file my_file_37.pdb (PDB, C-alpha atoms)
ATOM      1  CA  MET A   2       0.000   0.000   0.000  1.00  0.00           C
ATOM      2  CA  ALA A   3       3.026   2.295   0.009  1.00  0.00           C
ATOM      3  CA  ASP A   4       1.791   4.117  -3.093  1.00  0.00           C
ATOM      4  CA  GLY A   5       2.286   7.729  -1.922  1.00  0.00           C
ATOM      5  CA  ARG A   6      -1.131   8.156  -0.339  1.00  0.00           C
ATOM      6  CA  GLU A   7      -2.023   8.328   3.338  1.00  0.00           C
ATOM      7  CA  VAL A   8      -3.926   5.483   4.955  1.00  0.00           C
ATOM      8  CA  ASP A   9      -7.486   6.279   5.965  1.00  0.00           C
ATOM      9  CA  GLN A  10      -9.164   5.518   9.253  1.00  0.00           C
ATOM     10  CA  GLY A  11     -10.861   2.439   7.776  1.00  0.00           C
ATOM     11  CA  GLU A  12      -7.455   0.871   7.301  1.00  0.00           C
ATOM     12  CA  LEU A  13      -6.712   1.340  11.004  1.00  0.00           C
ATOM     13  CA  LEU A  14      -9.812  -0.513  12.199  1.00  0.00           C
ATOM     14  CA  GLY A  15      -7.806  -3.703  12.739  1.00  0.00           C
ATOM     15  CA  VAL A  16      -6.030  -2.202  15.742  1.00  0.00           C
ATOM     16  CA  ALA A  17      -8.504   0.532  16.628  1.00  0.00           C
ATOM     17  CA  LYS A  18     -11.593  -1.746  16.764  1.00  0.00           C
ATOM     18  CA  ASP A  19     -14.112   1.049  16.000  1.00  0.00           C
ATOM     19  CA  GLU A  20     -14.413   4.184  13.876  1.00  0.00           C
ATOM     20  CA  GLU A  21     -13.982   6.707  16.709  1.00  0.00           C
ATOM     21  CA  ARG A  22     -10.745   5.087  17.873  1.00  0.00           C
ATOM     22  CA  ALA A  23      -9.520   4.774  14.291  1.00  0.00           C
ATOM     23  CA  ARG A  24     -10.182   8.496  13.745  1.00  0.00           C
ATOM     24  CA  SER A  25      -8.337   9.298  16.984  1.00  0.00           C
ATOM     25  CA  LEU A  26      -5.429   7.022  16.031  1.00  0.00           C
ATOM     26  CA  LEU A  27      -5.145   8.703  12.628  1.00  0.00           C
ATOM     27  CA  ARG A  28      -4.995  12.138  14.315  1.00  0.00           C
ATOM     28  CA  ALA A  29      -2.369  10.869  16.774  1.00  0.00           C
ATOM     29  CA  LEU A  30      -0.250   9.445  13.954  1.00  0.00           C
ATOM     30  CA  ARG A  31      -0.431  12.745  12.081  1.00  0.00           C
ATOM     31  CA  THR A  32       0.701  14.574  15.234  1.00  0.00           C
ATOM     32  CA  LEU A  33       3.555  12.127  15.868  1.00  0.00           C
ATOM     33  CA  SER A  34       4.650  12.358  12.228  1.00  0.00           C
ATOM     34  CA  THR A  35       5.681  15.991  12.801  1.00  0.00           C
ATOM     35  CA  GLY A  36       6.760  15.699  16.433  1.00  0.00           C
ATOM     36  CA  PRO A  37      10.212  16.117  17.966  1.00  0.00           C
ATOM     37  CA  ASP A  38      11.029  12.403  18.489  1.00  0.00           C
ATOM     38  CA  PRO A  39      12.738  10.971  15.380  1.00  0.00           C
ATOM     39  CA  LYS A  40      11.804   7.359  16.194  1.00  0.00           C
ATOM     40  CA  LEU A  41       8.114   8.255  16.625  1.00  0.00           C
ATOM     41  CA  ARG A  42       8.186  10.349  13.427  1.00  0.00           C
ATOM     42  CA  GLU A  43       9.623   7.356  11.566  1.00  0.00           C
ATOM     43  CA  MET A  44       6.972   5.027  12.984  1.00  0.00           C
ATOM     44  CA  ALA A  45       4.049   7.391  12.348  1.00  0.00           C
ATOM     45  CA  ASN A  46       5.150   8.204   8.798  1.00  0.00           C
ATOM     46  CA  GLY A  47       5.602   4.499   8.060  1.00  0.00           C
ATOM     47  CA  VAL A  48       2.068   3.717   9.215  1.00  0.00           C
ATOM     48  CA  LEU A  49       0.583   6.745   7.428  1.00  0.00           C
ATOM     49  CA  ARG A  50       2.341   5.807   4.163  1.00  0.00           C
ATOM     50  CA  GLY A  51       1.305   2.189   4.517  1.00  0.00           C
ATOM     51  CA  SER A  52       4.853   0.853   4.485  1.00  0.00           C
ATOM     52  CA  LEU A  53       4.373  -0.308   8.094  1.00  0.00           C
ATOM     53  CA  SER A  54       1.195  -1.762   9.522  1.00  0.00           C
ATOM     54  CA  ALA A  55      -0.158  -0.375  12.779  1.00  0.00           C
ATOM     55  CA  GLU A  56       0.166  -3.868  14.280  1.00  0.00           C
ATOM     56  CA  GLN A  57       3.860  -3.955  13.367  1.00  0.00           C
ATOM     57  CA  ALA A  58       4.427  -0.452  14.709  1.00  0.00           C
ATOM     58  CA  PHE A  59       2.780  -1.150  18.051  1.00  0.00           C
ATOM     59  CA  THR A  60       4.639  -4.408  18.609  1.00  0.00           C
ATOM     60  CA  ASP A  61       8.097  -3.236  17.506  1.00  0.00           C
ATOM     61  CA  PRO A  62      10.292  -2.940  20.631  1.00  0.00           C
ATOM     62  CA  GLU A  63      12.014   0.274  19.494  1.00  0.00           C
ATOM     63  CA  TYR A  64       8.761   2.056  18.678  1.00  0.00           C
ATOM     64  CA  THR A  65       7.005   0.951  21.860  1.00  0.00           C
ATOM     65  CA  ALA A  66      10.027   2.068  23.906  1.00  0.00           C
ATOM     66  CA  ALA A  67       9.814   5.500  22.254  1.00  0.00           C
ATOM     67  CA  LEU A  68       6.071   5.692  22.952  1.00  0.00           C
ATOM     68  CA  PHE A  69       6.488   4.761  26.616  1.00  0.00           C
ATOM     69  CA  SER A  70       9.424   7.145  27.014  1.00  0.00           C
ATOM     70  CA  GLY A  71       7.289  10.024  25.766  1.00  0.00           C
ATOM     71  CA  ALA A  72       4.425   9.063  28.066  1.00  0.00           C
ATOM     72  CA  ASP A  73       6.814   8.891  31.030  1.00  0.00           C
ATOM     73  CA  LYS A  74       8.104  12.410  30.292  1.00  0.00           C
ATOM     74  CA  VAL A  75       4.535  13.733  30.267  1.00  0.00           C
ATOM     75  CA  ARG A  76       3.767  11.944  33.560  1.00  0.00           C
ATOM     76  CA  ARG A  77       6.868  13.371  35.262  1.00  0.00           C
ATOM     77  CA  ALA A  78       6.128  16.886  34.022  1.00  0.00           C
ATOM     78  CA  GLY A  79       2.596  16.582  35.397  1.00  0.00           C
ATOM     79  CA  GLU A  80       3.850  15.478  38.790  1.00  0.00           C
ATOM     80  CA  LEU A  81       6.158  18.492  39.049  1.00  0.00           C
ATOM     81  CA  ARG A  82       3.610  21.201  38.289  1.00  0.00           C
ATOM     82  CA  SER A  83       1.778  23.220  40.914  1.00  0.00           C
ATOM     83  CA  ASP A  84      -1.968  23.054  41.581  1.00  0.00           C
ATOM     84  CA  ALA A  85      -2.413  26.419  39.827  1.00  0.00           C
ATOM     85  CA  GLU A  86      -0.538  25.107  36.782  1.00  0.00           C
ATOM     86  CA  ALA A  87      -2.699  21.974  36.817  1.00  0.00           C
ATOM     87  CA  ARG A  88      -5.891  24.074  36.861  1.00  0.00           C
ATOM     88  CA  GLU A  89      -4.590  26.242  34.019  1.00  0.00           C
ATOM     89  CA  ALA A  90      -3.656  23.154  32.011  1.00  0.00           C
ATOM     90  CA  GLY A  91      -7.120  21.715  32.658  1.00  0.00           C
ATOM     91  CA  ALA A  92      -8.721  24.868  31.311  1.00  0.00           C
ATOM     92  CA  ARG A  93      -6.492  24.819  28.217  1.00  0.00           C
ATOM     93  CA  PHE A  94      -7.318  21.137  27.710  1.00  0.00           C
ATOM     94  CA  GLY A  95     -11.025  21.940  27.875  1.00  0.00           C
ATOM     95  CA  GLU A  96     -10.569  24.652  25.242  1.00  0.00           C
ATOM     96  CA  TRP A  97      -8.602  22.236  23.074  1.00  0.00           C
ATOM     97  CA  GLN A  98     -11.317  19.582  23.433  1.00  0.00           C
ATOM     98  CA  ARG A  99     -14.029  22.039  22.388  1.00  0.00           C
ATOM     99  CA  ALA A 100     -11.989  23.061  19.331  1.00  0.00           C
ATOM    100  CA  ARG A 101     -11.361  19.405  18.464  1.00  0.00           C
ATOM    101  CA  ASP A 102     -15.044  18.561  18.839  1.00  0.00           C
ATOM    102  CA  ALA A 103     -15.972  21.476  16.570  1.00  0.00           C
ATOM    103  CA  GLU A 104     -13.434  20.251  14.002  1.00  0.00           C
ATOM    104  CA  GLN A 105     -14.858  16.722  14.176  1.00  0.00           C
ATOM    105  CA  GLU A 106     -18.352  18.059  13.638  1.00  0.00           C
ATOM    106  CA  ARG A 107     -17.166  19.941  10.556  1.00  0.00           C
ATOM    107  CA  GLU A 108     -15.490  16.760   9.240  1.00  0.00           C
ATOM    108  CA  GLU A 109     -18.664  14.769   9.768  1.00  0.00           C
ATOM    109  CA  MET A 110     -20.895  17.175   7.893  1.00  0.00           C
ATOM    110  CA  ASP A 111     -22.336  15.678   4.722  1.00  0.00           C
ATOM    111  CA  PRO A 112     -22.529  17.647   1.448  1.00  0.00           C
ATOM    112  CA  ASP A 113     -26.016  19.017   2.358  1.00  0.00           C
ATOM    113  CA  GLY A 114     -24.625  20.400   5.627  1.00  0.00           C
ATOM    114  CA  ALA A 115     -26.502  17.945   7.869  1.00  0.00           C
ATOM    115  CA  SER A 116     -24.411  16.462  10.669  1.00  0.00           C
ATOM    116  CA  GLN A 117     -23.808  12.725  10.719  1.00  0.00           C
ATOM    117  CA  ASP A 118     -22.666  12.622  14.332  1.00  0.00           C
ATOM    118  CA  ARG A 119     -23.592   9.011  15.045  1.00  0.00           C
ATOM    119  CA  ARG A 120     -20.692   8.253  17.352  1.00  0.00           C
ATOM    120  CA  SER A 121     -22.113   9.834  20.476  1.00  0.00           C
ATOM    121  CA  ALA A 122     -25.661   8.605  19.870  1.00  0.00           C
ATOM    122  CA  GLU A 123     -24.564   5.034  19.228  1.00  0.00           C
ATOM    123  CA  ARG A 124     -21.935   4.687  21.942  1.00  0.00           C
ATOM    124  CA  PRO A 125     -23.039   5.957  25.333  1.00  0.00           C
ATOM    125  CA  GLY A 126     -20.360   6.088  27.975  1.00  0.00           C
ATOM    126  CA  VAL A 127     -17.587   6.870  25.505  1.00  0.00           C
ATOM    127  CA  PRO A 128     -15.731  10.120  26.128  1.00  0.00           C
ATOM    128  CA  GLY A 129     -17.704  12.816  24.395  1.00  0.00           C
ATOM    129  CA  GLY A 130     -20.821  10.636  24.076  1.00  0.00           C
ATOM    130  CA  PRO A 131     -23.894  10.608  26.306  1.00  0.00           C
ATOM    131  CA  GLY A 132     -22.782   9.711  29.796  1.00  0.00           C
ATOM    132  CA  GLY A 133     -19.146   9.963  28.731  1.00  0.00           C
ATOM    133  CA  LEU A 134     -16.400  12.214  30.027  1.00  0.00           C
ATOM    134  CA  ARG A 135     -16.574  15.788  28.816  1.00  0.00           C
ATOM    135  CA  GLY A 136     -13.385  17.207  30.320  1.00  0.00           C
ATOM    136  CA  PRO A 137     -10.615  16.792  32.874  1.00  0.00           C
ATOM    137  CA  ASP A 138     -12.867  18.014  35.690  1.00  0.00           C
ATOM    138  CA  GLN A 139     -14.887  14.779  35.377  1.00  0.00           C
ATOM    139  CA  LEU A 140     -11.895  12.486  35.907  1.00  0.00           C
ATOM    140  CA  HIS A 141     -12.298  12.613  39.703  1.00  0.00           C
ATOM    141  CA  GLY A 142     -12.830   9.121  41.008  1.00  0.00           C
ATOM    142  CA  LEU A 143     -11.171   7.427  38.035  1.00  0.00           C
ATOM    143  CA  ARG A 144      -7.720   7.574  39.566  1.00  0.00           C
ATOM    144  CA  PRO A 145      -6.289   8.312  42.968  1.00  0.00           C
ATOM    145  CA  GLY A 146      -5.877  11.965  43.813  1.00  0.00           C
ATOM    146  CA  ASN A 147      -2.761  13.544  42.403  1.00  0.00           C
ATOM    147  CA  ARG A 148      -1.642  16.807  40.817  1.00  0.00           C
ATOM    148  CA  PHE A 149      -3.818  16.107  37.786  1.00  0.00           C
ATOM    149  CA  GLY A 150      -7.088  16.508  39.610  1.00  0.00           C
ATOM    150  CA  PRO A 151      -8.945  16.770  42.908  1.00  0.00           C
ATOM    151  CA  ARG A 152      -7.427  15.124  45.934  1.00  0.00           C
TER
END
call {"tool": "encode", "arguments": {"input": "my_file_37.pdb", "output": "structure tokens"}}
result
Amino acid sequence: MADGREVDQGELLGVAKDEERARSLLRALRTLSTGPDPKLREMANGVLRGSLSAEQAFTDPEYTAALFSGADKVRRAGELRSDAEAREAGARFGEWQRARDAEQEREEMDPDGASQDRRSAERPGVPGGPGGLRGPDQLHGLRPGNRFGPR
């Protein structure tokens, strides 16, 4: 499939299991493909080009090590920030989520302009769907108290 085109979310369903996760995975791969980590850029570009399957990428020891290293850096940075910084980050995250949701709605518009937002109606309890999480302020109770949320 390495024919110069980018994979679509349908081609990621094997690892993503549903359309919403495939859409999210595609966005994450696009972000990683321009990020600062050369190993993650290589992996993301390989998957996006189709020269590397998502299954191969997520089971390759070098790529998974790079993914976990990045996640560990984020975790450590979160632990070191103050409560005020955590609140500010939560507010910025909420703004980002609203912008992302608006972008998704635009992407899901059909040619007549009618929304085809089936994901939240069909999948209650999924973040963003009915009964799902709507922002970082609703994470209380999902993990022990820490600098990321209420204690």
call {"tool": "closest_residue", "arguments": {"input": "my_file_37.pdb", "among": "A:Lys40, A:Gly71, A:Thr60, A:Ala78", "to": "Ala90 (chain A)", "atoms": "only C-alpha atoms"}}
result
A:Ala78
call {"tool": "residues_around", "arguments": {"input": "my_file_37.pdb", "residues": "region 11-20 of chain A", "least_positions_apart": "4", "cutoff": "8 Å", "atoms": "all atoms listed in the file", "output": "PDB file with C-alpha atoms, in the frame of the given file"}}
result
ATOM      1  CA  ARG A  24     -10.182   8.496  13.745  1.00  0.00           C
ATOM      2  CA  LEU A  26      -5.429   7.022  16.031  1.00  0.00           C
ATOM      3  CA  LEU A  27      -5.145   8.703  12.628  1.00  0.00           C
ATOM      4  CA  ALA A  55      -0.158  -0.375  12.779  1.00  0.00           C
ATOM      5  CA  GLU A  56       0.166  -3.868  14.280  1.00  0.00           C
TER       6      GLU A  56
END
call {"tool": "closest_residue", "arguments": {"input": "my_file_37.pdb", "among": "A:Ala29, A:Val8, A:Ala72, A:Ala85", "to": "Gly47 (chain A)", "atoms": "only C-alpha atoms"}}
result
A:Val8
call {"tool": "resolve_selection", "arguments": {"input": "my_file_37.pdb", "expression": "the PyMOL selection byres ((chain A and resi 58) around 12)", "output": "PyMOL selection string"}}
result
chain A and resi 13+16+30+40-49+51-57+59-68
call {"tool": "atom_distance", "arguments": {"input": "my_file_37.pdb", "atom1": "CA of Gln105 (chain A)", "atom2": "CA of Glu89 (chain A)"}}
result
24.3 Å
call {"tool": "atom_distance", "arguments": {"input": "my_file_37.pdb", "atom1": "CA of Arg31 (chain A)", "atom2": "CA of Arg76 (chain A)"}}
result
21.9 Å
call {"tool": "atom_distance", "arguments": {"input": "my_file_37.pdb", "atom1": "CA of Arg6 (chain A)", "atom2": "CA of Gly36 (chain A)"}}
result
20.0 Å
